[in-house]
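Data block below; observations after.
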Amino acid sequence: MSKALLCPCEDVTTSEVEHAIAKGSCDLESVKRFTGFGTGMCQGKQCLTAVARFLEEKVPLKAAQVLPFTPRPPLFPTELSHLASASFDPAVAPAGGVPPSLGLTEGALVPEGRVPERAKIVIIGGGIMGLALAWNLAERGETDVVVLERGYLCAGASGRNGGGVRMQWGTPTLIHLARRSIELMGRFARDLGINVWLRQGGYLFLAKSEAVVAKLERSAALHNKHGVPTQILTADAARDVVPQLSMVGVKAAAWNPLDGVIFPWPFLWGYAQAAKKRGVRVETFTRVTGFEQSQGRVRKVVTDRGDIACDTVVLAAGAWSPAVAALAGVRLPNEPHRHEICSSEPLKPFLGPLVSVLDSGLYFSQSMRGELVGGMGDPKEPAGMNLGSTRRFLTRYAQALTEQLPQLGRIKILRQWSGPYDVTPDNSPVLGPTPGLPNLLQLNGFVGHGFMMAPAVAERMAAWMASGASDELFERFTLQRFAEGRLEREDMIIG
C-alpha cells in the first residue's frame with residue numbers, strides 16, 4: 001500500500017505523506033506544502049478527505065486538530081481570457097477578497113508541553129530569515145538557540161512568494177548581498193542536503209516609459225561596476241530572449257542571465273532540518289504574547305507555551321514584526337502590504353527567464369513542472385495585514401499578462417494566494433540593535449526581497465553576533481536611521 005495514490009492529480013502516494021509526517025508535518029496545510037497534494041486541477045476536491053483520514057490514522061491528534069487546508073480561488077480552473085474580460089475601477093482601492101482561511105480553531109495545533117525555560121538566543125519568526133540565521137549560528141558553534149514560529153513552516157511570506165532571485169538592484173549593498181546569496185543557493189544541496197532547484201534562466205525587465213528606461217540604464221551601469229553582467233536591450237533584442245513576447249508598448253529592457261528562480265519550500269525546510277540536526281530547537285505553532293524587561297534589556301520571551309529566559313532576542317517575523325515589537329514597547333516603521341500571486345495549469349516549457357514589466361509591477365516565470373507563476377502589485381493597495389484573494393487582481397494580472405503573451409488566453413489559472421510585503425519608508429531593511437533595548441536585534445523590513453537576500457544577510461549577522469566584530473550592514477540599516485532622517489533608498493522594487 002506504500003504506493004497507493006491519495007492525490008491522483010499530483011501523484012501523491014501514502015508513502016510520501018508518511019515521509020511528510022516523519023519530517024514533522026502533522027496538519028493538512030503543511031502536508032499539502034510538503035507533498036503538493038491538493039494543488040492540481042481538482043484543487044483537493046478528490047483527495048482532501050483521503051489524506052485527512054490517512055493523517056488521522058497515522059498522527060496521534062484529536063479529530064478537531066485535523067483541519068482542512070485553506071481553499072484557493074478560483075473555485076474552478078478559469079481561462080485567462082475570461083478573467084481579462086472582466087472590469088475593475090483603477091481609482092478604487094481593492095477590497096478584502098476571499099479570506100485566506102476558514103477560521104481555524106485557535107490553538108488547535110499548539111504542541112503539548114512547554115518551550116525550553118532558557119536559551120541563549122531566541123529567534124522570533126520561522127521564515128527564511130530566522131531559520132537561515134539559526135543555521136548560520138549553529139555552524140559557528142552557537143547551538144543554544146530556539147526559533148519560534150506562530151504557524152507551520154512555510155505558513156508566512158517565505159512560503160507564499162514566487163521564488164525569484166536576482167542581482168539587479170539599485171544599491172551596491174543589495175547587489176553584493178544578492179550575488180552572495182545566489183552563490184550560496186548554488187551550493188545549498190551540497191551544504192545542507194536538499195535541492196532548492198536553482199535555475200539561472202535570468203531576469204528580463206521590460207520598460208514601457210522613458211522614466212523606467214532611465215532607471216534601468218542607471219542600474220545596469222551600477223551592476224556592471226560591481227561585476228553583474230546586466231545588458232540594456234532594445235525591444236527587438238529582448239524578443240530574442242523570449243520570442244513569444246509581443247513587446248506591446250515596450251521601449252527597452254534590462255537582461256541579466258545570472259538571475260533565476262528557486263523553489264521556496266525546500267529552501268526553508270533545508271535550513272530548518274540542518275539547524276535542528278545541530279541542536280537548534282524549532283518550535284512551531286507557538287505564539288509570542290509578550291516580553292519581560294528590566295534594566296533596559298529583554299529578560300524573557302513570553303509565549304502561549306511558557307516563558308523563555310534569554311540573553312538575546314532576534315525579531316525576524318517579517319511583516320508581523322511591528323506587532324511583535326509593539327509587545328516590547330518598540331515602534332517599527334514597517335507596514336504590511338498585500339501582494340497577490342497565482343499559478344496556472346502546467347504547460348510545455350517555453351519560458352527561460354523571469355519576466356517583469358517594471359512599470360506595472362507584473363512578473364511571471366515558469367516552474368519546473370510547467371506552471372506559470374506570477375503576480376502584480378497594485379498601487380491602490382492600502383497598508384494592512386490583509387491576505388485575502390481578489391478578482392480584481394486576477395483581472396489586472398490576466399490583462400497585463402495576455403498583453404505581452406496573447407497566445408496564453410486559453411490557459412487556465414488553478415489557484416491564487418497572497419503574502420505580505422514588509423515595507424519600510426526607504427525600501428531597505430531594519431537590522432541590528434534596538435535603541436533602548438540593545439539585546440533585541442532587528443532582522444526585518446525587507447519589503448519583498450528578504451527571501452532572496454536571506455543566505456547572505458544571515459551569514460553576516462551570525463558572524464557579527466558570534467564575533468562582535470564591526471559590520472557596516474548593522475550600523476547603516478539600524479532602526480535609529482529613521483529618527484535621524486538618514487534613509488537608505490532602494491527603488492528597484494517589483495510591484
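Convention: chains lettered A, B, ... in C-alpha cells order; per-chain residue numbering from 1; ligands numbered from 1 as shown.
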
Which residues of region 248-341 of chain A have any atom within 12 Å of an atom in region 450-457 of chain A when counting only C-alpha atoms, and what is the closest pair of atoms for each, with the distance in Å to one decimal? Order the rows by chain and rising number and write it as CSV.
```
residue,atom,partner,partner_atom,distance
A:Asp259,CA,A:Met452,CA,10.6
A:Gly260,CA,A:Met452,CA,10.2
A:Val261,CA,A:Met452,CA,9.5
A:Ile262,CA,A:Met452,CA,9.3
A:Phe263,CA,A:Phe451,CA,11.1
A:Pro264,CA,A:Phe451,CA,8.3
A:Trp265,CA,A:Phe451,CA,11.0
A:Phe267,CA,A:Phe451,CA,9.4
A:Leu268,CA,A:Phe451,CA,9.8
A:Gly270,CA,A:Pro455,CA,11.9
A:Tyr271,CA,A:Pro455,CA,9.8
A:Ala316,CA,A:Gly450,CA,10.3
A:Ala317,CA,A:Gly450,CA,11.1
A:Gly318,CA,A:Gly450,CA,8.4
A:Ala319,CA,A:Gly450,CA,10.7
```

How about saving the chosen residues, all heavy atoms kept, as a short mmCIF file (atom, residue, chain, number, x, y, z; two decimals), in the first residue's frame?
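The result, stored in out-v7.cif:
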```
data_model
loop_
_atom_site.label_atom_id
_atom_site.label_comp_id
_atom_site.auth_asym_id
_atom_site.auth_seq_id
_atom_site.Cartn_x
_atom_site.Cartn_y
_atom_site.Cartn_z
N ASP A 259 20.56 35.85 -13.05
CA ASP A 259 19.44 35.83 -12.11
C ASP A 259 18.66 34.52 -12.30
O ASP A 259 18.93 33.75 -13.24
CB ASP A 259 18.51 37.02 -12.35
CG ASP A 259 19.19 38.35 -12.07
OD1 ASP A 259 20.10 38.38 -11.23
OD2 ASP A 259 18.80 39.36 -12.70
N GLY A 260 17.71 34.24 -11.42
CA GLY A 260 16.99 32.98 -11.57
C GLY A 260 15.81 32.81 -10.65
O GLY A 260 15.27 33.78 -10.10
N VAL A 261 15.44 31.55 -10.45
CA VAL A 261 14.27 31.17 -9.65
C VAL A 261 14.62 29.92 -8.86
O VAL A 261 15.34 29.05 -9.35
CB VAL A 261 13.04 30.88 -10.55
CG1 VAL A 261 11.84 30.46 -9.70
CG2 VAL A 261 12.68 32.10 -11.38
N ILE A 262 14.15 29.84 -7.61
CA ILE A 262 14.28 28.61 -6.84
C ILE A 262 12.90 28.21 -6.32
O ILE A 262 11.94 28.98 -6.40
CB ILE A 262 15.27 28.75 -5.66
CG1 ILE A 262 14.73 29.70 -4.59
CG2 ILE A 262 16.64 29.17 -6.13
CD1 ILE A 262 15.52 29.66 -3.32
N PHE A 263 12.82 26.99 -5.78
CA PHE A 263 11.58 26.51 -5.19
C PHE A 263 11.60 26.89 -3.71
O PHE A 263 12.47 26.42 -2.97
CB PHE A 263 11.48 25.00 -5.38
CG PHE A 263 10.16 24.40 -4.96
CD1 PHE A 263 9.02 25.19 -4.81
CD2 PHE A 263 10.04 23.04 -4.73
CE1 PHE A 263 7.81 24.65 -4.43
CE2 PHE A 263 8.83 22.48 -4.36
CZ PHE A 263 7.71 23.28 -4.21
N PRO A 264 10.69 27.75 -3.24
CA PRO A 264 10.80 28.30 -1.88
C PRO A 264 10.72 27.29 -0.75
O PRO A 264 11.46 27.40 0.23
CB PRO A 264 9.62 29.29 -1.81
CG PRO A 264 9.29 29.61 -3.22
CD PRO A 264 9.59 28.37 -4.00
N TRP A 265 9.82 26.31 -0.83
CA TRP A 265 9.56 25.47 0.34
C TRP A 265 10.77 24.66 0.80
O TRP A 265 11.10 24.67 1.99
CB TRP A 265 8.35 24.58 0.10
CG TRP A 265 7.10 25.36 -0.17
CD1 TRP A 265 6.88 26.68 0.08
CD2 TRP A 265 5.89 24.86 -0.75
NE1 TRP A 265 5.61 27.05 -0.32
CE2 TRP A 265 4.98 25.95 -0.82
CE3 TRP A 265 5.49 23.62 -1.21
CZ2 TRP A 265 3.69 25.81 -1.33
CZ3 TRP A 265 4.20 23.48 -1.74
CH2 TRP A 265 3.32 24.57 -1.79
N PHE A 267 13.74 25.36 0.46
CA PHE A 267 14.72 26.33 0.97
C PHE A 267 14.55 26.47 2.49
O PHE A 267 15.52 26.41 3.25
CB PHE A 267 14.47 27.67 0.27
CG PHE A 267 15.61 28.63 0.30
CD1 PHE A 267 16.93 28.22 0.38
CD2 PHE A 267 15.36 30.00 0.22
CE1 PHE A 267 17.97 29.14 0.38
CE2 PHE A 267 16.39 30.93 0.22
CZ PHE A 267 17.69 30.48 0.29
N LEU A 268 13.30 26.65 2.94
CA LEU A 268 13.03 26.72 4.37
C LEU A 268 13.31 25.40 5.07
O LEU A 268 13.95 25.36 6.11
CB LEU A 268 11.57 27.12 4.62
CG LEU A 268 11.28 28.60 4.85
CD1 LEU A 268 11.39 29.36 3.54
CD2 LEU A 268 9.91 28.81 5.47
N GLY A 270 15.24 23.01 4.28
CA GLY A 270 16.66 22.70 4.36
C GLY A 270 17.33 23.38 5.52
O GLY A 270 18.09 22.76 6.28
N TYR A 271 17.07 24.69 5.69
CA TYR A 271 17.64 25.41 6.83
C TYR A 271 17.11 24.84 8.14
O TYR A 271 17.88 24.66 9.11
CB TYR A 271 17.31 26.89 6.74
CG TYR A 271 18.24 27.69 5.88
CD1 TYR A 271 17.77 28.51 4.85
CD2 TYR A 271 19.62 27.67 6.08
CE1 TYR A 271 18.62 29.26 4.06
CE2 TYR A 271 20.49 28.42 5.30
CZ TYR A 271 19.99 29.21 4.29
OH TYR A 271 20.84 29.96 3.50
N ALA A 316 12.66 38.40 13.67
CA ALA A 316 12.73 38.08 12.25
C ALA A 316 11.38 37.61 11.75
O ALA A 316 11.28 36.61 11.03
CB ALA A 316 13.80 37.00 12.02
N ALA A 317 10.33 38.32 12.14
CA ALA A 317 8.97 37.91 11.82
C ALA A 317 8.40 38.60 10.59
O ALA A 317 7.18 38.62 10.38
CB ALA A 317 8.05 38.15 13.02
N GLY A 318 9.26 39.20 9.76
CA GLY A 318 8.79 39.82 8.53
C GLY A 318 7.73 40.87 8.78
O GLY A 318 7.87 41.72 9.67
N ALA A 319 6.66 40.82 8.01
CA ALA A 319 5.60 41.83 8.12
C ALA A 319 4.86 41.76 9.44
O ALA A 319 4.11 42.69 9.78
CB ALA A 319 4.62 41.68 6.96
#
```

What's the 10 Å shell around Gly306 (chain A), counting only C-alpha atoms, without same-chain residues fewer than 5 positions away, as a list in words? Gly113, Arg114, Val115, Pro116, Glu117, Thr286, Arg287, Val288, Thr289 and Val301 of chain A

As a PyMOL selection string, please: the residues near region 480-494 of chain A (cut-off 8 Å, only C-alpha atoms, same-chain neighbours under 6 positions excluded). chain A and resi 168-171+356+358+361-363+377+425-428+434-435+448

Alpha helix (DSSP H) residues, from DSSP on the backbone, in region 25-145 of chain A, as a ChimeraX atom specification: /A:28-35,48-58,80-84,128-139

Write out the residues from the selection above, keeping C-alpha atoms, as a PDB file, in the first residue's frame.
```
ATOM      1  CA  LEU A  28      -3.173  19.184   6.310  1.00  0.00           C
ATOM      2  CA  GLU A  29      -1.838  22.648   5.440  1.00  0.00           C
ATOM      3  CA  SER A  30       1.812  21.680   5.975  1.00  0.00           C
ATOM      4  CA  VAL A  31       1.353  18.206   4.431  1.00  0.00           C
ATOM      5  CA  LYS A  32      -0.052  19.998   1.387  1.00  0.00           C
ATOM      6  CA  ARG A  33       3.113  22.068   1.098  1.00  0.00           C
ATOM      7  CA  PHE A  34       5.406  19.101   1.699  1.00  0.00           C
ATOM      8  CA  THR A  35       3.790  16.814  -0.895  1.00  0.00           C
ATOM      9  CA  LEU A  48      -8.750  16.086   0.780  1.00  0.00           C
ATOM     10  CA  THR A  49     -10.886  13.503   2.569  1.00  0.00           C
ATOM     11  CA  ALA A  50      -8.499  10.645   1.746  1.00  0.00           C
ATOM     12  CA  VAL A  51      -5.446  12.492   3.062  1.00  0.00           C
ATOM     13  CA  ALA A  52      -7.350  13.668   6.166  1.00  0.00           C
ATOM     14  CA  ARG A  53      -8.357  10.116   7.015  1.00  0.00           C
ATOM     15  CA  PHE A  54      -4.831   8.853   6.429  1.00  0.00           C
ATOM     16  CA  LEU A  55      -3.434  11.601   8.645  1.00  0.00           C
ATOM     17  CA  GLU A  56      -5.869  10.742  11.443  1.00  0.00           C
ATOM     18  CA  GLU A  57      -4.707   7.130  11.305  1.00  0.00           C
ATOM     19  CA  LYS A  58      -1.002   7.978  11.417  1.00  0.00           C
ATOM     20  CA  LEU A  80      -7.022  33.938 -18.625  1.00  0.00           C
ATOM     21  CA  SER A  81      -9.129  35.380 -21.454  1.00  0.00           C
ATOM     22  CA  HIS A  82     -12.261  35.089 -19.308  1.00  0.00           C
ATOM     23  CA  LEU A  83     -10.532  36.767 -16.350  1.00  0.00           C
ATOM     24  CA  ALA A  84      -9.129  39.508 -18.601  1.00  0.00           C
ATOM     25  CA  ILE A 128      13.670  32.130   5.761  1.00  0.00           C
ATOM     26  CA  MET A 129      15.475  34.873   7.720  1.00  0.00           C
ATOM     27  CA  GLY A 130      15.047  33.281  11.144  1.00  0.00           C
ATOM     28  CA  LEU A 131      15.882  29.754  10.014  1.00  0.00           C
ATOM     29  CA  ALA A 132      18.872  30.847   7.934  1.00  0.00           C
ATOM     30  CA  LEU A 133      20.223  32.782  10.909  1.00  0.00           C
ATOM     31  CA  ALA A 134      19.698  29.794  13.219  1.00  0.00           C
ATOM     32  CA  TRP A 135      21.640  27.509  10.884  1.00  0.00           C
ATOM     33  CA  ASN A 136      24.471  30.011  10.438  1.00  0.00           C
ATOM     34  CA  LEU A 137      24.744  30.459  14.207  1.00  0.00           C
ATOM     35  CA  ALA A 138      24.858  26.678  14.668  1.00  0.00           C
ATOM     36  CA  GLU A 139      27.575  26.457  12.016  1.00  0.00           C
TER      37      GLU A 139
END
```

Compile a residue-level contact table for region 300-335 of chain A against region 145-162 of chain A at a cut-off of 12 Å, reporting for every qualifying residue the shortest atom pair and its distance in Å to one decimal, with only C-alpha atoms counted, rows ordered by chain and ascending number, as a tab-separated table.
```
residue	atom	partner	partner_atom	distance
A:Val301	CA	A:Leu148	CA	10.1
A:Val302	CA	A:Leu148	CA	11.0
A:Thr303	CA	A:Leu148	CA	9.0
A:Asp304	CA	A:Arg150	CA	10.0
A:Arg305	CA	A:Leu148	CA	10.6
A:Gly306	CA	A:Leu148	CA	11.9
A:Asp307	CA	A:Leu148	CA	11.8
A:Ile308	CA	A:Val146	CA	9.1
A:Ala309	CA	A:Val146	CA	10.9
A:Cys310	CA	A:Val145	CA	9.4
A:Asp311	CA	A:Val145	CA	10.4
A:Thr312	CA	A:Val145	CA	9.6
A:Val313	CA	A:Val146	CA	9.7
A:Val314	CA	A:Val147	CA	9.4
A:Leu315	CA	A:Leu148	CA	10.1
A:Ala316	CA	A:Val147	CA	9.7
A:Ala317	CA	A:Glu149	CA	8.5
A:Gly318	CA	A:Ala157	CA	7.6
A:Ala319	CA	A:Ala157	CA	8.1
A:Trp320	CA	A:Gly156	CA	9.2
A:Ser321	CA	A:Gly156	CA	11.9
A:Val324	CA	A:Arg150	CA	11.2
```

Taking 4 positions as the minimum chain separation for residues in the same chain, which residues sit within 7 Å of Ser2 (chain A) when counting only C-alpha atoms? Answer as a list in words.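 The filter keeps Thr13, Thr14 and Ser15 of chain A.
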
If we count only C-alpha atoms and set the cut-off at 12 Å, which residues sit around His223 (chain A), ignoring sequence neighbours fewer than 3 positions away in its own chain? Please answer as a PDB file with C-alpha atoms, in the first residue's frame.
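out-v1.pdb, freshly written:
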```pdb
ATOM      1  CA  ARG A 166      18.096  38.481  -8.758  1.00  0.00           C
ATOM      2  CA  MET A 167      21.245  40.586  -8.666  1.00  0.00           C
ATOM      3  CA  GLN A 168      19.596  43.537 -10.431  1.00  0.00           C
ATOM      4  CA  TRP A 169      19.271  46.077  -7.621  1.00  0.00           C
ATOM      5  CA  GLY A 170      19.727  49.805  -7.266  1.00  0.00           C
ATOM      6  CA  THR A 171      22.344  49.944  -4.480  1.00  0.00           C
ATOM      7  CA  PRO A 172      25.806  48.332  -4.155  1.00  0.00           C
ATOM      8  CA  THR A 173      24.867  46.743  -0.818  1.00  0.00           C
ATOM      9  CA  LEU A 174      21.916  44.790  -2.201  1.00  0.00           C
ATOM     10  CA  ILE A 175      23.832  43.859  -5.348  1.00  0.00           C
ATOM     11  CA  HIS A 176      26.606  42.270  -3.275  1.00  0.00           C
ATOM     12  CA  ALA A 178      22.219  39.137  -3.834  1.00  0.00           C
ATOM     13  CA  ARG A 179      25.368  37.876  -5.573  1.00  0.00           C
ATOM     14  CA  LEU A 216      17.232  50.513 -15.870  1.00  0.00           C
ATOM     15  CA  GLU A 217      20.141  52.271 -17.573  1.00  0.00           C
ATOM     16  CA  ARG A 218      21.384  53.710 -14.268  1.00  0.00           C
ATOM     17  CA  SER A 219      21.033  50.356 -12.558  1.00  0.00           C
ATOM     18  CA  ALA A 220      22.797  48.464 -15.351  1.00  0.00           C
ATOM     19  CA  HIS A 226      30.038  45.583  -9.351  1.00  0.00           C
ATOM     20  CA  GLY A 227      30.532  42.549 -11.547  1.00  0.00           C
ATOM     21  CA  VAL A 228      26.934  41.817 -12.622  1.00  0.00           C
ATOM     22  CA  PRO A 229      26.658  41.438 -16.441  1.00  0.00           C
ATOM     23  CA  THR A 230      23.346  43.288 -16.950  1.00  0.00           C
ATOM     24  CA  GLN A 231      22.736  44.481 -20.505  1.00  0.00           C
ATOM     25  CA  ILE A 232      20.313  47.081 -21.836  1.00  0.00           C
ATOM     26  CA  ALA A 254      17.385  45.022 -18.900  1.00  0.00           C
ATOM     27  CA  TRP A 255      18.722  41.466 -19.041  1.00  0.00           C
ATOM     28  CA  ASN A 256      20.957  39.577 -16.592  1.00  0.00           C
ATOM     29  CA  LEU A 258      22.694  35.032 -13.941  1.00  0.00           C
TER      30      LEU A 258
END
```
